[in-house]
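J.: Got a structure for you, coords-v2.tsv, holding TSV, C-alpha atoms.
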```tsv
chain	number	residue	atom	x	y	z
I	1	MET	CA	104.17	115.74	229.33
I	2	LEU	CA	104.82	112.10	229.90
I	3	PRO	CA	106.86	110.23	227.25
I	4	ALA	CA	103.88	108.08	226.37
I	5	ALA	CA	101.72	111.16	225.81
I	6	LYS	CA	104.42	112.78	223.69
I	7	SER	CA	104.65	109.66	221.56
I	8	TRP	CA	100.87	109.60	221.10
I	9	VAL	CA	100.80	113.28	219.99
I	10	ALA	CA	103.69	112.74	217.60
I	11	GLY	CA	101.92	109.74	216.14
I	12	ARG	CA	98.73	111.72	215.52
I	13	GLN	CA	100.69	114.51	213.87
I	14	PHE	CA	102.45	112.01	211.62
I	15	TYR	CA	99.24	110.33	210.53
I	16	ALA	CA	97.58	113.73	210.04
I	17	ALA	CA	100.42	114.77	207.75
I	18	GLN	CA	100.13	111.50	205.83
I	19	LEU	CA	96.39	112.04	205.43
I	20	ARG	CA	96.95	115.54	204.10
I	21	GLU	CA	99.45	114.25	201.52
I	22	VAL	CA	97.08	111.51	200.39
I	23	THR	CA	94.17	113.96	200.16
I	24	LEU	CA	96.28	116.47	198.21
I	25	SER	CA	97.41	113.73	195.83
I	26	ILE	CA	93.81	112.68	195.20
I	27	VAL	CA	92.73	116.27	194.57
I	28	MET	CA	95.68	116.87	192.22
I	29	ASN	CA	94.98	113.70	190.24
I	30	GLU	CA	91.29	114.54	190.03
I	31	THR	CA	92.13	118.08	188.84
I	32	LYS	CA	94.51	116.66	186.25
I	33	ASP	CA	91.83	114.26	185.02
I	34	LEU	CA	89.25	117.06	184.81
I	35	ALA	CA	91.72	119.33	182.98
I	36	GLY	CA	92.36	116.55	180.48
I	37	LEU	CA	88.62	116.16	179.98
I	38	VAL	CA	88.13	119.91	179.42
I	39	ASN	CA	91.10	120.24	177.06
I	40	ALA	CA	89.99	117.25	175.02
I	41	SER	CA	86.83	119.15	174.05
I	42	GLY	CA	88.53	121.97	172.16
I	43	PHE	CA	86.24	124.59	173.73
I	44	ALA	CA	89.27	126.28	175.32
I	45	LEU	CA	90.59	127.21	171.87
I	46	GLN	CA	87.23	128.71	170.95
I	47	LEU	CA	87.16	130.79	174.14
I	48	ALA	CA	90.73	131.98	173.62
I	49	ILE	CA	90.01	133.11	170.04
I	50	GLU	CA	86.87	134.93	171.15
I	51	LYS	CA	88.85	136.80	173.82
I	52	ALA	CA	91.73	137.61	171.45
I	53	VAL	CA	89.36	139.16	168.90
I	54	GLU	CA	87.58	141.13	171.60
I	55	ASP	CA	90.86	142.52	173.00
I	56	SER	CA	92.14	143.54	169.55
I	57	SER	CA	88.84	144.80	168.08
I	58	SER	CA	90.06	148.41	167.97
I	59	GLU	CA	92.80	147.30	165.56
I	60	HIS	CA	90.59	145.56	162.97
I	61	SER	CA	86.95	146.45	163.89
I	62	PHE	CA	85.67	142.87	163.78
I	63	GLU	CA	83.25	142.13	166.62
I	64	LEU	CA	81.60	139.02	167.97
I	65	GLU	CA	78.10	138.57	166.55
I	66	ALA	CA	77.36	135.21	168.15
I	67	HIS	CA	78.91	132.09	169.61
I	68	GLU	CA	77.52	128.56	169.73
I	69	HIS	CA	74.86	129.71	167.27
I	70	PRO	CA	72.43	126.90	166.38
I	71	TRP	CA	71.77	126.09	162.73
I	72	LYS	CA	69.60	123.56	160.95
I	73	THR	CA	68.99	122.35	157.40
I	74	THR	CA	67.12	119.40	155.96
I	75	GLU	CA	70.48	117.58	155.79
I	76	ASP	CA	72.08	118.33	159.13
I	77	ARG	CA	72.13	120.53	162.22
I	78	GLY	CA	74.68	121.82	164.70
I	79	PHE	CA	76.25	124.90	166.26
I	80	ILE	CA	78.46	127.58	164.72
I	81	ASP	CA	81.42	128.11	167.05
I	82	LEU	CA	81.97	131.82	166.39
I	83	ILE	CA	80.53	134.50	164.10
I	84	PHE	CA	82.49	137.73	163.73
I	85	GLY	CA	81.13	140.72	161.82
I	86	ARG	CA	82.30	143.97	160.34
I	87	SER	CA	80.09	146.04	158.05
I	88	ASN	CA	78.40	143.51	155.72
I	89	VAL	CA	81.00	140.73	156.16
I	90	ARG	CA	80.40	137.72	158.40
I	91	LEU	CA	83.23	135.36	159.34
I	92	VAL	CA	81.63	132.00	160.14
I	93	CYS	CA	84.26	130.14	162.17
I	94	GLU	CA	84.81	126.53	163.13
I	95	CYS	CA	87.58	125.92	165.71
I	96	LYS	CA	89.64	122.74	165.45
I	97	ARG	CA	92.38	121.54	167.77
I	98	PRO	CA	93.36	118.26	166.08
I	99	ARG	CA	95.64	115.58	167.44
I	100	GLU	CA	97.41	115.47	164.09
I	101	GLY	CA	99.78	118.42	164.29
I	102	ILE	CA	100.42	119.03	160.57
I	103	TRP	CA	98.05	119.51	157.63
I	104	VAL	CA	99.70	119.32	154.21
I	105	PHE	CA	98.04	120.90	151.17
I	106	LEU	CA	99.08	120.01	147.62
I	107	ARG	CA	99.84	122.78	145.14
I	108	GLU	CA	101.66	122.72	141.80
I	109	GLU	CA	105.08	124.33	142.05
I	110	ASP	CA	104.47	126.95	139.36
I	111	ARG	CA	101.13	128.16	140.76
I	112	SER	CA	101.22	131.52	142.54
I	113	HIS	CA	99.10	132.64	145.49
I	114	VAL	CA	95.52	133.72	144.73
I	115	ASP	CA	93.27	136.39	146.19
I	116	ARG	CA	90.01	134.86	144.95
I	117	ALA	CA	87.49	133.20	147.24
I	118	ARG	CA	84.14	131.77	146.16
I	119	LEU	CA	81.77	133.02	148.85
I	120	LEU	CA	78.03	133.22	149.50
I	121	TRP	CA	76.39	136.64	149.24
I	122	LEU	CA	72.93	137.90	150.10
I	123	ASN	CA	71.25	141.13	149.04
I	124	LYS	CA	67.84	142.68	149.61
I	125	ALA	CA	66.82	145.21	146.97
I	126	GLU	CA	63.66	146.63	145.41
I	127	ARG	CA	63.46	143.60	143.11
I	128	GLY	CA	63.49	141.28	146.11
I	129	MET	CA	66.03	139.03	147.83
I	130	THR	CA	68.88	137.74	145.68
I	131	SER	CA	71.80	135.50	146.60
I	132	GLY	CA	74.48	133.32	145.11
I	133	TRP	CA	78.08	132.13	145.22
I	134	HIS	CA	80.61	134.47	143.63
I	135	ASP	CA	84.38	134.79	143.22
I	136	PHE	CA	85.27	137.76	145.39
I	137	HIS	CA	88.78	139.18	145.48
I	138	LEU	CA	90.32	139.47	148.93
I	139	ARG	CA	92.91	142.07	149.90
I	140	THR	CA	95.28	139.27	150.88
I	141	ALA	CA	96.53	136.32	148.83
I	142	SER	CA	97.29	132.77	149.92
I	143	PRO	CA	97.98	129.32	148.42
I	144	GLU	CA	94.89	127.64	146.99
I	145	SER	CA	94.41	123.89	147.12
I	146	ALA	CA	91.73	121.23	146.75
I	147	PHE	CA	93.73	118.47	148.46
I	148	CYS	CA	94.74	118.11	152.10
I	149	VAL	CA	96.74	115.24	153.62
I	150	ILE	CA	96.52	114.64	157.37
I	151	ARG	CA	98.60	112.15	159.34
I	152	GLY	CA	96.76	108.96	160.19
I	153	LYS	CA	94.11	109.30	157.49
I	154	GLY	CA	94.13	106.50	154.92
I	155	GLU	CA	92.69	106.48	151.44
I	156	ASN	CA	89.60	104.63	152.68
I	157	ASP	CA	88.88	107.13	155.46
I	158	ASP	CA	86.37	109.95	155.11
I	159	PRO	CA	88.72	112.98	154.93
I	160	MET	CA	88.43	114.96	158.16
I	161	LEU	CA	88.96	118.41	156.64
I	162	GLU	CA	86.49	117.83	153.82
I	163	ARG	CA	83.92	116.61	156.33
I	164	THR	CA	84.43	119.68	158.52
I	165	ALA	CA	84.34	122.04	155.54
I	166	ARG	CA	81.16	120.43	154.20
I	167	ARG	CA	79.28	120.97	157.48
I	168	LEU	CA	80.66	124.50	157.72
I	169	ILE	CA	79.28	125.31	154.26
I	170	LEU	CA	75.89	123.94	155.30
I	171	SER	CA	75.95	126.12	158.42
I	172	VAL	CA	76.77	129.19	156.30
I	173	GLU	CA	73.80	128.52	154.03
I	174	ALA	CA	71.55	128.04	157.07
I	175	LEU	CA	72.78	131.31	158.60
I	176	ALA	CA	72.16	133.18	155.35
I	177	ASN	CA	68.65	131.77	155.16
I	178	GLU	CA	68.07	132.95	158.74
I	179	GLU	CA	69.31	136.46	158.01
I	180	THR	CA	67.00	136.98	155.04
I	181	ALA	CA	64.33	137.93	157.57
I	182	VAL	CA	66.35	140.72	159.22
I	183	LEU	CA	67.88	142.62	156.29
I	184	ASP	CA	66.39	146.02	155.50
I	185	ASP	CA	67.11	149.12	153.39
I	186	ASP	CA	69.83	150.35	155.77
I	187	ASP	CA	71.49	146.94	156.16
I	188	ASP	CA	70.77	145.09	152.93
I	189	THR	CA	73.85	142.97	152.12
I	190	ARG	CA	75.85	140.08	153.55
I	191	VAL	CA	79.00	138.30	152.41
I	192	TYR	CA	79.73	135.09	154.32
I	193	VAL	CA	83.29	133.81	154.76
I	194	PRO	CA	83.66	130.20	156.03
I	195	VAL	CA	86.78	129.93	158.23
I	196	ILE	CA	88.42	126.95	159.93
I	197	LEU	CA	90.69	128.08	162.77
I	198	THR	CA	93.14	125.40	163.80
I	199	THR	CA	96.16	124.72	165.97
I	200	ALA	CA	97.55	122.45	163.25
I	201	GLU	CA	100.67	123.60	161.40
I	202	LEU	CA	99.81	124.34	157.78
I	203	ARG	CA	102.27	123.22	155.11
I	204	VAL	CA	102.14	123.45	151.31
I	205	CYS	CA	103.63	120.63	149.25
I	206	ARG	CA	104.92	122.07	145.98
I	207	TYR	CA	105.17	119.43	143.27
I	208	ASP	CA	105.76	119.01	139.55
I	209	PRO	CA	102.95	116.86	138.06
I	210	LEU	CA	105.41	115.52	135.50
I	211	LYS	CA	107.47	114.04	138.33
I	212	ILE	CA	104.66	111.98	139.83
I	213	LYS	CA	105.41	108.33	139.10
I	214	LEU	CA	102.54	106.66	137.28
I	215	THR	CA	103.84	103.25	138.36
I	216	SER	CA	103.48	104.01	142.08
I	217	GLY	CA	101.46	107.23	142.28
I	218	THR	CA	104.13	108.89	144.42
I	219	ILE	CA	105.57	112.40	144.30
I	220	THR	CA	109.30	113.01	143.89
I	221	ASP	CA	111.47	116.13	144.13
I	222	GLU	CA	108.75	118.01	145.99
I	223	SER	CA	109.34	120.94	148.34
I	224	TYR	CA	107.49	122.13	151.43
I	225	GLU	CA	106.69	125.58	152.74
I	226	LYS	CA	104.88	126.83	155.82
I	227	SER	CA	101.76	128.96	155.44
I	228	GLU	CA	99.52	130.76	157.93
I	229	MET	CA	96.45	130.62	155.67
I	230	ILE	CA	95.24	128.28	152.93
I	231	SER	CA	92.37	128.83	150.52
I	232	PHE	CA	90.75	125.38	150.53
I	233	ARG	CA	88.55	125.23	147.43
I	234	LYS	CA	86.51	122.39	145.95
I	235	ALA	CA	82.91	121.23	145.43
I	236	PHE	CA	82.08	120.36	149.04
I	237	THR	CA	78.33	119.91	148.57
I	238	PRO	CA	76.25	119.21	145.45
I	239	THR	CA	73.96	122.03	144.40
I	240	ARG	CA	70.65	121.95	142.65
I	241	THR	CA	70.69	121.05	138.97
I	242	VAL	CA	71.62	123.98	136.73
I	243	GLU	CA	69.70	124.05	133.50
I	244	ARG	CA	71.53	124.14	130.21
I	245	ARG	CA	71.37	127.46	128.42
I	246	THR	CA	69.78	127.53	124.98
I	247	ASP	CA	73.01	128.68	123.33
I	248	GLU	CA	75.27	126.35	125.37
I	249	MET	CA	76.83	123.07	124.28
I	250	ALA	CA	76.30	120.12	126.63
I	251	TYR	CA	79.95	119.71	127.63
I	252	ARG	CA	80.22	123.41	128.42
I	253	ALA	CA	77.10	123.23	130.59
I	254	PHE	CA	78.64	120.37	132.59
I	255	ARG	CA	81.93	122.24	133.06
I	256	ARG	CA	80.06	125.34	134.17
I	257	LEU	CA	78.02	123.31	136.66
I	258	SER	CA	81.19	121.77	138.07
I	259	LEU	CA	82.78	125.20	138.58
I	260	GLU	CA	79.62	126.69	140.06
I	261	GLN	CA	79.58	123.97	142.73
I	262	GLU	CA	82.99	125.03	144.05
I	263	ARG	CA	83.20	126.76	147.44
I	264	THR	CA	86.09	128.34	149.36
I	265	VAL	CA	86.87	127.70	153.00
I	266	LEU	CA	89.74	129.68	154.50
I	267	VAL	CA	91.94	127.54	156.76
I	268	ILE	CA	93.90	129.76	159.16
I	269	ASN	CA	96.37	128.87	161.88
I	270	ALA	CA	94.90	130.17	165.15
I	271	THR	CA	98.08	132.04	166.11
I	272	ALA	CA	97.86	134.07	162.89
I	273	PHE	CA	94.15	134.91	163.05
I	274	ILE	CA	94.46	138.37	164.64
I	275	GLN	CA	97.29	139.25	162.25
I	276	THR	CA	95.03	138.20	159.37
I	277	LEU	CA	92.17	140.36	160.66
I	278	ARG	CA	94.55	143.33	160.80
I	279	ALA	CA	95.55	142.69	157.19
I	280	TRP	CA	91.86	142.91	156.23
I	281	THR	CA	91.69	146.52	157.43
I	282	PRO	CA	90.02	148.78	156.42
I	283	THR	CA	88.30	146.39	154.02
I	284	MET	CA	88.55	142.65	153.46
I	285	ILE	CA	87.23	142.48	149.89
I	286	GLY	CA	88.88	144.52	147.16
I	287	ASP	CA	86.82	147.30	145.61
I	288	ASP	CA	88.26	147.02	142.10
I	289	HIS	CA	85.46	144.67	141.00
I	290	SER	CA	81.76	145.45	141.00
I	291	PRO	CA	79.74	143.32	143.45
I	292	PRO	CA	77.51	140.58	142.01
I	293	TRP	CA	74.30	142.12	143.39
I	294	GLU	CA	74.62	145.17	141.16
I	295	PRO	CA	72.54	145.05	137.93
I	296	ARG	CA	74.61	143.65	135.08
I	297	ARG	CA	74.14	146.75	132.95
I	298	SER	CA	75.94	148.87	135.53
I	299	ARG	CA	78.79	146.47	136.25
I	300	ARG	CA	82.21	147.02	134.74
I	301	ARG	CA	83.36	144.27	132.44
```
Please render this file's structure as C-alpha coordinates.
T.:
Amino acid sequence: MLPAAKSWVAGRQFYAAQLREVTLSIVMNETKDLAGLVNASGFALQLAIEKAVEDSSSEHSFELEAHEHPWKTTEDRGFIDLIFGRSNVRLVCECKRPREGIWVFLREEDRSHVDRARLLWLNKAERGMTSGWHDFHLRTASPESAFCVIRGKGENDDPMLERTARRLILSVEALANEETAVLDDDDDTRVYVPVILTTAELRVCRYDPLKIKLTSGTITDESYEKSEMISFRKAFTPTRTVERRTDEMAYRAFRRLSLEQERTVLVINATAFIQTLRAWTPTMIGDDHSPPWEPRRSRRR
(Lines of atoms letter the chains of each structure in order from A and count residues from 1; the text may use other names and numbers.)
(Lines give C-alpha, C1' and ligand atoms only; values in the text may rest on other atoms or scores of the structure.)
Protein backbone atom coordinates (compact mmCIF):
# COMPACT_ATOMS: atom_id res chain seq x y z
CA MET A 1 0.00 0.00 0.00
CA LEU A 2 1.28 3.40 -0.90
CA PRO A 3 2.29 5.73 1.97
CA ALA A 4 -0.49 8.13 1.11
CA ALA A 5 -3.07 5.33 1.26
CA LYS A 6 -1.67 4.12 4.57
CA SER A 7 -1.93 7.61 5.99
CA TRP A 8 -5.53 7.92 4.80
CA VAL A 9 -6.51 4.57 6.44
CA ALA A 10 -4.79 5.52 9.67
CA GLY A 11 -6.60 8.82 9.68
CA ARG A 12 -9.99 7.15 9.25
CA GLN A 13 -9.23 4.72 12.06
CA PHE A 14 -8.23 7.59 14.33
CA TYR A 15 -11.36 9.58 13.64
CA ALA A 16 -13.50 6.44 14.01
CA ALA A 17 -11.96 5.81 17.43
CA GLN A 18 -12.59 9.43 18.41
CA LEU A 19 -16.22 9.14 17.29
CA ARG A 20 -16.68 5.99 19.35
CA GLU A 21 -15.30 7.72 22.46
CA VAL A 22 -17.56 10.73 21.97
CA THR A 23 -20.59 8.50 21.40
CA LEU A 24 -19.78 6.41 24.47
CA SER A 25 -19.37 9.56 26.57
CA ILE A 26 -22.75 10.86 25.42
CA VAL A 27 -24.44 7.53 26.19
CA MET A 28 -22.79 7.35 29.62
CA ASN A 29 -23.82 10.90 30.50
CA GLU A 30 -27.35 10.26 29.30
CA THR A 31 -27.52 7.04 31.36
CA LYS A 32 -26.22 8.91 34.40
CA ASP A 33 -28.85 11.62 33.92
CA LEU A 34 -31.62 9.03 33.54
CA ALA A 35 -30.41 7.13 36.62
CA GLY A 36 -30.48 10.36 38.60
CA LEU A 37 -34.02 10.99 37.40
CA VAL A 38 -35.17 7.47 38.39
CA ASN A 39 -33.46 7.56 41.79
CA ALA A 40 -34.92 10.96 42.58
CA SER A 41 -38.42 9.44 42.47
CA GLY A 42 -37.98 7.04 45.38
CA PHE A 43 -39.76 4.23 43.50
CA ALA A 44 -36.59 2.12 43.67
CA LEU A 45 -36.89 1.92 47.47
CA GLN A 46 -40.50 0.78 47.15
CA LEU A 47 -39.54 -1.94 44.66
CA ALA A 48 -36.66 -3.12 46.85
CA ILE A 49 -38.89 -3.41 49.93
CA GLU A 50 -41.53 -5.31 47.97
CA LYS A 51 -38.89 -7.79 46.77
CA ALA A 52 -37.34 -8.17 50.23
CA VAL A 53 -40.71 -9.03 51.78
CA GLU A 54 -41.48 -11.48 48.99
CA ASP A 55 -38.12 -13.26 49.39
CA SER A 56 -38.48 -13.55 53.18
CA SER A 57 -42.21 -14.33 53.33
CA SER A 58 -41.61 -17.88 54.60
CA GLU A 59 -39.95 -16.37 57.69
CA HIS A 60 -42.79 -14.02 58.75
CA SER A 61 -45.82 -14.95 56.56
CA PHE A 62 -46.58 -11.39 55.46
CA GLU A 63 -47.53 -11.20 51.79
CA LEU A 64 -48.10 -8.40 49.32
CA GLU A 65 -51.79 -7.52 49.03
CA ALA A 66 -51.39 -4.57 46.68
CA HIS A 67 -49.00 -1.90 45.46
CA GLU A 68 -49.77 1.56 44.12
CA HIS A 69 -53.33 1.08 45.40
CA PRO A 70 -55.53 4.11 44.66
CA TRP A 71 -57.49 5.73 47.48
CA LYS A 72 -59.86 8.66 47.69
CA THR A 73 -61.69 10.64 50.36
CA THR A 74 -63.60 13.91 50.31
CA GLU A 75 -60.39 15.59 51.54
CA ASP A 76 -57.69 14.06 49.38
CA ARG A 77 -56.67 11.24 47.06
CA GLY A 78 -53.53 9.34 46.17
CA PHE A 79 -51.87 5.94 46.01
CA ILE A 80 -50.82 3.59 48.80
CA ASP A 81 -47.26 2.45 48.06
CA LEU A 82 -47.49 -1.05 49.56
CA ILE A 83 -50.05 -3.11 51.48
CA PHE A 84 -48.84 -6.25 53.23
CA GLY A 85 -51.21 -8.69 54.90
CA ARG A 86 -51.15 -11.58 57.31
CA SER A 87 -54.34 -13.02 58.79
CA ASN A 88 -56.50 -9.97 59.69
CA VAL A 89 -53.61 -7.46 59.88
CA ARG A 90 -52.87 -4.99 57.09
CA LEU A 91 -49.63 -3.00 57.00
CA VAL A 92 -50.34 0.16 55.01
CA CYS A 93 -46.90 1.43 53.97
CA GLU A 94 -45.56 4.71 52.68
CA CYS A 95 -41.94 4.64 51.44
CA LYS A 96 -39.78 7.72 51.95
CA ARG A 97 -36.21 8.28 50.82
CA PRO A 98 -35.59 11.81 52.13
CA ARG A 99 -32.64 14.03 51.39
CA GLU A 100 -32.37 14.81 55.09
CA GLY A 101 -30.51 11.80 56.45
CA ILE A 102 -31.51 12.00 60.14
CA TRP A 103 -34.90 12.27 61.84
CA VAL A 104 -34.75 13.14 65.54
CA PHE A 105 -37.68 12.33 67.84
CA LEU A 106 -38.06 13.94 71.26
CA ARG A 107 -38.71 11.75 74.30
CA GLU A 108 -38.41 12.47 78.02
CA GLU A 109 -35.40 10.72 79.52
CA ASP A 110 -37.37 8.78 82.14
CA ARG A 111 -39.98 7.41 79.72
CA SER A 112 -39.61 3.74 78.79
CA HIS A 113 -40.48 2.08 75.48
CA VAL A 114 -44.17 1.34 74.86
CA ASP A 115 -45.96 -1.51 73.10
CA ARG A 116 -49.22 0.38 72.55
CA ALA A 117 -50.37 1.59 69.15
CA ARG A 118 -53.67 3.35 68.44
CA LEU A 119 -54.89 1.63 65.29
CA LEU A 120 -58.04 1.43 63.17
CA TRP A 121 -60.06 -1.78 63.34
CA LEU A 122 -63.02 -3.07 61.36
CA ASN A 123 -65.37 -5.92 62.19
CA LYS A 124 -68.42 -7.43 60.53
CA ALA A 125 -70.74 -9.28 62.91
CA GLU A 126 -74.40 -10.20 63.24
CA ARG A 127 -75.13 -6.74 64.64
CA GLY A 128 -73.61 -5.13 61.55
CA MET A 129 -70.33 -3.41 60.68
CA THR A 130 -68.44 -1.79 63.56
CA SER A 131 -65.15 0.08 63.56
CA GLY A 132 -63.04 2.43 65.61
CA TRP A 133 -59.59 3.44 66.80
CA HIS A 134 -58.23 1.41 69.70
CA ASP A 135 -55.02 1.04 71.71
CA PHE A 136 -53.71 -2.36 70.70
CA HIS A 137 -50.66 -3.90 72.36
CA LEU A 138 -47.91 -5.00 69.99
CA ARG A 139 -45.50 -7.85 70.69
CA THR A 140 -42.61 -5.41 70.30
CA ALA A 141 -41.93 -2.14 72.12
CA SER A 142 -40.35 1.06 70.81
CA PRO A 143 -39.90 4.72 71.80
CA GLU A 144 -43.07 6.79 71.47
CA SER A 145 -42.98 10.44 70.46
CA ALA A 146 -45.23 13.21 69.18
CA PHE A 147 -42.38 15.45 67.99
CA CYS A 148 -39.95 14.96 65.11
CA VAL A 149 -37.16 17.35 64.07
CA ILE A 150 -35.78 17.13 60.53
CA ARG A 151 -32.79 19.04 59.21
CA GLY A 152 -33.71 22.04 57.09
CA LYS A 153 -37.25 22.40 58.44
CA GLY A 154 -37.91 25.69 60.21
CA GLU A 155 -40.62 26.53 62.70
CA ASN A 156 -42.69 28.18 59.96
CA ASP A 157 -42.53 25.15 57.64
CA ASP A 158 -45.30 22.58 57.42
CA PRO A 159 -43.62 19.58 59.12
CA MET A 160 -42.83 16.94 56.50
CA LEU A 161 -43.40 13.90 58.70
CA GLU A 162 -46.70 15.18 60.07
CA ARG A 163 -47.87 15.91 56.53
CA THR A 164 -46.91 12.42 55.36
CA ALA A 165 -48.49 10.77 58.40
CA ARG A 166 -51.71 12.75 57.96
CA ARG A 167 -52.16 11.58 54.36
CA LEU A 168 -51.25 8.04 55.38
CA ILE A 169 -54.00 8.06 58.02
CA LEU A 170 -56.49 9.29 55.42
CA SER A 171 -55.45 6.48 53.07
CA VAL A 172 -55.94 3.92 55.86
CA GLU A 173 -59.47 5.18 56.51
CA ALA A 174 -60.22 5.07 52.77
CA LEU A 175 -58.90 1.50 52.53
CA ALA A 176 -61.01 0.41 55.50
CA ASN A 177 -64.09 1.96 53.93
CA GLU A 178 -63.32 0.05 50.73
CA GLU A 179 -62.93 -3.26 52.54
CA THR A 180 -66.28 -3.03 54.30
CA ALA A 181 -67.81 -4.41 51.11
CA VAL A 182 -65.66 -7.57 51.01
CA LEU A 183 -65.70 -8.83 54.60
CA ASP A 184 -67.79 -11.92 55.30
CA ASP A 185 -68.37 -14.51 58.04
CA ASP A 186 -65.11 -16.33 57.30
CA ASP A 187 -63.02 -13.16 57.03
CA ASP A 188 -64.73 -10.62 59.25
CA THR A 189 -62.00 -8.49 60.87
CA ARG A 190 -59.25 -6.06 59.92
CA VAL A 191 -56.63 -4.19 61.92
CA TYR A 192 -54.79 -1.51 59.95
CA VAL A 193 -51.23 -0.49 60.81
CA PRO A 194 -49.93 2.73 59.18
CA VAL A 195 -46.18 2.41 58.49
CA ILE A 196 -43.64 4.87 57.12
CA LEU A 197 -40.58 3.06 55.76
CA THR A 198 -37.61 5.36 55.37
CA THR A 199 -33.91 5.42 54.59
CA ALA A 200 -33.46 8.18 57.18
CA GLU A 201 -31.52 7.36 60.34
CA LEU A 202 -33.85 7.46 63.34
CA ARG A 203 -32.55 9.05 66.53
CA VAL A 204 -34.23 9.66 69.90
CA CYS A 205 -33.35 12.80 71.84
CA ARG A 206 -33.69 12.07 75.55
CA TYR A 207 -34.22 15.22 77.58
CA ASP A 208 -35.13 16.42 81.06
CA PRO A 209 -38.00 18.95 80.80
CA LEU A 210 -36.64 20.73 83.87
CA LYS A 211 -33.44 21.48 81.94
CA ILE A 212 -35.12 23.26 79.06
CA LYS A 213 -34.29 26.95 79.35
CA LEU A 214 -37.41 29.08 79.45
CA THR A 215 -35.37 32.12 78.41
CA SER A 216 -34.29 30.58 75.10
CA GLY A 217 -36.44 27.47 74.67
CA THR A 218 -33.37 25.29 74.19
CA ILE A 219 -32.55 21.84 75.55
CA THR A 220 -29.41 21.19 77.59
CA ASP A 221 -27.74 18.01 78.86
CA GLU A 222 -29.69 15.87 76.41
CA SER A 223 -28.58 12.48 75.10
CA TYR A 224 -29.17 10.71 71.80
CA GLU A 225 -29.79 7.09 70.93
CA LYS A 226 -30.35 5.27 67.67
CA SER A 227 -33.60 3.40 67.08
CA GLU A 228 -34.86 1.18 64.26
CA MET A 229 -38.53 1.93 64.95
CA ILE A 230 -40.44 4.86 66.45
CA SER A 231 -44.08 4.96 67.48
CA PHE A 232 -45.12 8.37 66.16
CA ARG A 233 -48.34 9.29 67.97
CA LYS A 234 -50.43 12.45 67.90
CA ALA A 235 -53.76 13.84 66.64
CA PHE A 236 -52.94 13.92 62.92
CA THR A 237 -56.47 14.61 61.69
CA PRO A 238 -59.53 16.05 63.45
CA THR A 239 -62.38 13.61 63.94
CA ARG A 240 -66.08 14.20 64.09
CA THR A 241 -67.41 15.88 67.22
CA VAL A 242 -67.83 13.49 70.13
CA GLU A 243 -70.88 14.19 72.21
CA ARG A 244 -70.56 14.76 75.92
CA ARG A 245 -71.85 11.92 78.05
CA THR A 246 -74.69 12.67 80.45
CA ASP A 247 -72.56 11.79 83.49
CA GLU A 248 -69.40 13.52 82.20
CA MET A 249 -68.02 16.90 83.21
CA ALA A 250 -67.18 19.29 80.37
CA TYR A 251 -63.41 19.33 80.93
CA ARG A 252 -63.31 15.54 81.02
CA ALA A 253 -65.25 15.35 77.75
CA PHE A 254 -62.69 17.64 76.10
CA ARG A 255 -59.75 15.60 77.41
CA ARG A 256 -61.39 12.40 76.20
CA LEU A 257 -61.98 13.91 72.76
CA SER A 258 -58.34 14.98 72.56
CA LEU A 259 -57.13 11.47 73.41
CA GLU A 260 -59.59 9.81 71.03
CA GLN A 261 -58.20 11.88 68.14
CA GLU A 262 -54.71 10.43 68.60
CA ARG A 263 -53.37 7.99 65.99
CA THR A 264 -50.18 5.92 65.79
CA VAL A 265 -47.93 5.72 62.76
CA LEU A 266 -44.97 3.35 63.00
CA VAL A 267 -41.80 4.86 61.53
CA ILE A 268 -39.33 2.10 60.63
CA ASN A 269 -35.89 2.27 59.07
CA ALA A 270 -36.07 0.34 55.79
CA THR A 271 -33.02 -1.80 56.62
CA ALA A 272 -34.78 -3.08 59.77
CA PHE A 273 -38.19 -3.79 58.21
CA ILE A 274 -37.70 -7.52 57.57
CA GLN A 275 -36.21 -7.96 61.04
CA THR A 276 -39.28 -6.22 62.46
CA LEU A 277 -41.62 -8.50 60.51
CA ARG A 278 -39.78 -11.52 61.93
CA ALA A 279 -40.25 -10.14 65.44
CA TRP A 280 -44.01 -10.01 64.78
CA THR A 281 -44.13 -13.79 64.31
CA PRO A 282 -46.34 -15.70 64.91
CA THR A 283 -48.57 -12.78 65.89
CA MET A 284 -48.10 -9.02 65.81
CA ILE A 285 -50.70 -8.02 68.39
CA GLY A 286 -50.57 -9.48 71.89
CA ASP A 287 -53.41 -11.77 72.91
CA ASP A 288 -53.48 -10.78 76.58
CA HIS A 289 -56.17 -8.15 75.95
CA SER A 290 -59.62 -8.77 74.53
CA PRO A 291 -60.20 -7.15 71.13
CA PRO A 292 -62.46 -4.08 70.96
CA TRP A 293 -65.00 -5.76 68.67
CA GLU A 294 -65.99 -8.26 71.35
CA PRO A 295 -69.17 -7.36 73.32
CA ARG A 296 -68.26 -5.45 76.47
CA ARG A 297 -69.94 -7.98 78.73
CA SER A 298 -67.53 -10.68 77.58
CA ARG A 299 -64.36 -8.60 77.69
CA ARG A 300 -61.94 -8.94 80.58
CA ARG A 301 -61.47 -5.80 82.60
J.: Could you name the residues that touch Phe105 (chain I) at 6 Å or less, counting only C-alpha atoms, but leaving out those on the same chain fewer than 3 positions away, as a list of chain:residue names?
T.: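 Near Phe105 (chain I), the qualifying residues are I:Phe147, I:Cys148, I:Val204, I:Cys205.
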J.: Mind giving me the straight-line distance from CA of Ala125 (chain I) to CA of Thr73 (chain I) in Å, one decimal?
T.: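 So the answer is 25.2 Å.
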J.: Could you tell me how far CA of Glu59 (chain I) lies from CA of Thr276 (chain I), in Å and to one decimal?
T.: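 So the two atoms, CA of Glu59 (chain I) and CA of Thr276 (chain I), lie 11.2 Å apart.
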J.: Considering all atoms listed in the file, state which residue in the set I:Ser131, I:Ser56, I:Ser290, I:Ser227 is at the smallest distance from Trp103 (chain I).
T.: I:Ser227
J.: What separation in Å, quoted to one decimal, exists between CA of Arg111 (chain I) and CA of Leu257 (chain I)?
T.: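 Computing it gives 24.0 Å between the two atoms.
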J.: Need to verify the contact set: Arg278 (chain I), 10 Å, only C-alpha atoms, exclusion of same-chain residues closer than 4 positions in sequence. Can you return it as a PyMOL selection string?
T.: chain I and resi 56-62+273-274+282-284
J.: Give me the residues near Gly128 (chain I) as a list in words, where near means some atom within 12 Å (using all atoms listed in the file) and where sequence neighbours in that chain fewer than 4 positions away do not count.
T.: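 Once the adjacent positions are removed, what remains is Leu122, Asn123, Lys124, Thr180, Ala181, Leu183, Asp184, Asp185, Asp188 and Trp293 of chain I.
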J.: Restricting the calculation to all atoms listed in the file, which member of I:Ala272, I:Ala253, I:Val265, I:Leu259 is positioned closest to Glu228 (chain I)?
T.: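 The answer is I:Ala272, which sits nearest to Glu228 (chain I).
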J.: Using all atoms listed in the file, which of the listed residues (I:Trp71, I:Ile196, I:Gln46, I:Val89) sits closest to Leu175 (chain I)?
T.: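 So, comparing all the options, the nearest one is I:Trp71.
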J.: With distances taken over all atoms listed in the file, which residue among I:Pro292, I:Pro143, I:Gly286, I:Pro209 lies nearest His113 (chain I)?
T.: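 Closest to His113 (chain I) of all the choices is I:Pro143.
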J.: Which one of I:Ala235, I:Ile230, I:Cys93, I:Leu120 sits closest to Arg166 (chain I) if you count all atoms listed in the file?
T.: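 Checking each of I:Ala235, I:Ile230, I:Cys93, I:Leu120 against Arg166 (chain I), counting all atoms listed in the file, the winner is I:Ala235.
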